[in-house]
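Here is the structure we will look at, set down as structure tokens.
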Amino acid sequence: MLNLPYRIILGSQSPRRRELLNGIDIPFEVRTLPNVEEDYPIDLPLHEIPRYLSAQKARYYIPTLANDELLITADTVVLVKNEVLGKPLSKAEAEEMLKKLSGECHTVITGVSFSRPSGIKHMLQASSKVYFAPLTNDEISYYLERYRPYDKAGSYGIQEWIGYVAIQRIEGSFYNVMGLPIHLIYHVLKNWNLYESC
């Protein structure tokens, strides 16, 4: 559909982001690098963390870009009661995260950076509110045992079992909760000439 002047590179290990980018029918290559740090300043405002981390990831990948490549990097965080829930480091931590989300509204924020060999050209951020029904301990245990969501911010995937049974409603983009605000990415790529000169 889009006639892009560059080859798109997705700098991500996430199968969900790969699936979402596939959904807009543009050719792209997945590139992964080891040891990409995901640290942020302790005093950084919480809503700025995803965009900061997407830019930090971009800086690792930019030296690998050829002149005809355009890089997309992203990071997603879950915020509940002014606490950041990233990827769990253990089953116990994942269980604790899901207990915090149970019966609560939380915010999912994804930051996205678009880069060329000369540097980051454009950044965007999307936010969605997700309302969870209360979860029993048995439901949490079942989900963790069956789906093992340890590579996901907040310890859950909206496209999995827990999304079917526990999410009451969403305000904002469903796909943003999966990991990419794909409608916004399509808009940027469609109008890339507006950003290339930045």
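By convention in this document, the chains of the structure tokens carry letters A, B, ... by their order, each chain's residues are numbered from 1, and ligands are numbered from 1 in the order they are shown.
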- strand (DSSP E or B) per DSSP on the backbone: members of region 2-197 of chain A, as number ranges by chain: A: 7-11, 28-31, 69-80, 83-85, 105-116, 119-132, 167-171
- Task: Would you list the contacts of Ala66 (chain A) as JSON, numbers by chain, taking every protein, DNA or RNA residue within 9 Å and counting only C-alpha atoms, but skipping same-chain residues closer than 4 positions in sequence?
- Result: {"A": [62, 70, 116, 117]}
Distance table requested - region 60-159 of chain A against region 166-185 of chain A, cut-off 12 Å, only C-alpha atoms: one row per qualifying residue with the closest atom pair and its distance in Å to one decimal, ordered by chain and rising residue number, as a Markdown table.
| residue | atom | partner | partner_atom | distance |
| --- | --- | --- | --- | --- |
| A:Leu71 | CA | A:Ile185 | CA | 11.8 |
| A:Ile72 | CA | A:Ile185 | CA | 9.0 |
| A:Thr73 | CA | A:Leu180 | CA | 9.8 |
| A:Ala74 | CA | A:Leu180 | CA | 7.4 |
| A:Asp75 | CA | A:Gly179 | CA | 7.5 |
| A:Thr76 | CA | A:Gly179 | CA | 6.1 |
| A:Val77 | CA | A:Gly179 | CA | 9.1 |
| A:Val78 | CA | A:Val177 | CA | 9.0 |
| A:Leu79 | CA | A:Val177 | CA | 11.8 |
| A:Leu98 | CA | A:Ala166 | CA | 11.0 |
| A:Leu101 | CA | A:Ala166 | CA | 10.2 |
| A:Ser102 | CA | A:Ala166 | CA | 8.5 |
| A:Gly103 | CA | A:Ala166 | CA | 8.9 |
| A:Glu104 | CA | A:Ile167 | CA | 10.1 |
| A:Cys105 | CA | A:Ile170 | CA | 9.4 |
| A:His106 | CA | A:Ile170 | CA | 9.9 |
| A:Thr107 | CA | A:Val177 | CA | 8.9 |
| A:Val108 | CA | A:Val177 | CA | 5.9 |
| A:Ile109 | CA | A:Asn176 | CA | 7.5 |
| A:Thr110 | CA | A:Asn176 | CA | 6.5 |
| A:Gly111 | CA | A:Leu180 | CA | 8.4 |
| A:Val112 | CA | A:Leu180 | CA | 7.9 |
| A:Ser113 | CA | A:Ile185 | CA | 9.7 |
| A:Phe114 | CA | A:Ile185 | CA | 9.2 |
| A:His122 | CA | A:Ile185 | CA | 10.7 |
| A:Met123 | CA | A:Ile185 | CA | 10.0 |
| A:Leu124 | CA | A:Leu184 | CA | 8.1 |
| A:Gln125 | CA | A:Pro181 | CA | 8.2 |
| A:Ala126 | CA | A:Pro181 | CA | 6.4 |
| A:Ser127 | CA | A:Gly172 | CA | 6.8 |
| A:Ser128 | CA | A:Gly172 | CA | 4.4 |
| A:Lys129 | CA | A:Glu171 | CA | 4.9 |
| A:Val130 | CA | A:Ile170 | CA | 4.7 |
| A:Tyr131 | CA | A:Arg169 | CA | 5.4 |
| A:Phe132 | CA | A:Ile167 | CA | 4.7 |
| A:Ala133 | CA | A:Ala166 | CA | 5.0 |
| A:Pro134 | CA | A:Ala166 | CA | 7.3 |
| A:Leu135 | CA | A:Ala166 | CA | 7.2 |
| A:Thr136 | CA | A:Ala166 | CA | 10.5 |
| A:Glu139 | CA | A:Ala166 | CA | 9.6 |
| A:Ile140 | CA | A:Ala166 | CA | 10.5 |
| A:Tyr143 | CA | A:Ala166 | CA | 11.1 |
| A:Asp151 | CA | A:Gly179 | CA | 11.6 |
| A:Lys152 | CA | A:Gly179 | CA | 9.0 |
| A:Ala153 | CA | A:Gly179 | CA | 9.0 |
| A:Gly154 | CA | A:Val177 | CA | 10.4 |
| A:Ser155 | CA | A:Met178 | CA | 11.9 |
| A:Tyr156 | CA | A:Met178 | CA | 9.4 |
| A:Gly157 | CA | A:Met178 | CA | 6.6 |
| A:Ile158 | CA | A:Met178 | CA | 6.2 |
| A:Gln159 | CA | A:Met178 | CA | 7.1 |
- Quick one: DSSP helix (DSSP H, G or I) residues in region 24-190 of chain A, as a PyMOL selection string? chain A and resi 46-64+91-101+137-147+153-155+161-166+174-178+182-190
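Nearest residue to Leu4 (chain A), choosing from A:Asp25, A:Asn35, A:Leu89, A:Tyr147 and counting only C-alpha atoms: A:Asp25.
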- Query: In Å, how far is it from CA of Lys57 (chain A) to CA of His187 (chain A)?
  - Reply: 21.8 Å
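The space between CA of Pro88 (chain A) and CA of Pro149 (chain A) spans 8.4 Å.
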- 10 Å contact set for Glu29 (chain A), only C-alpha atoms, chain neighbours under 4 positions out, as number ranges by chain: A: 7-11, 18, 69, 71
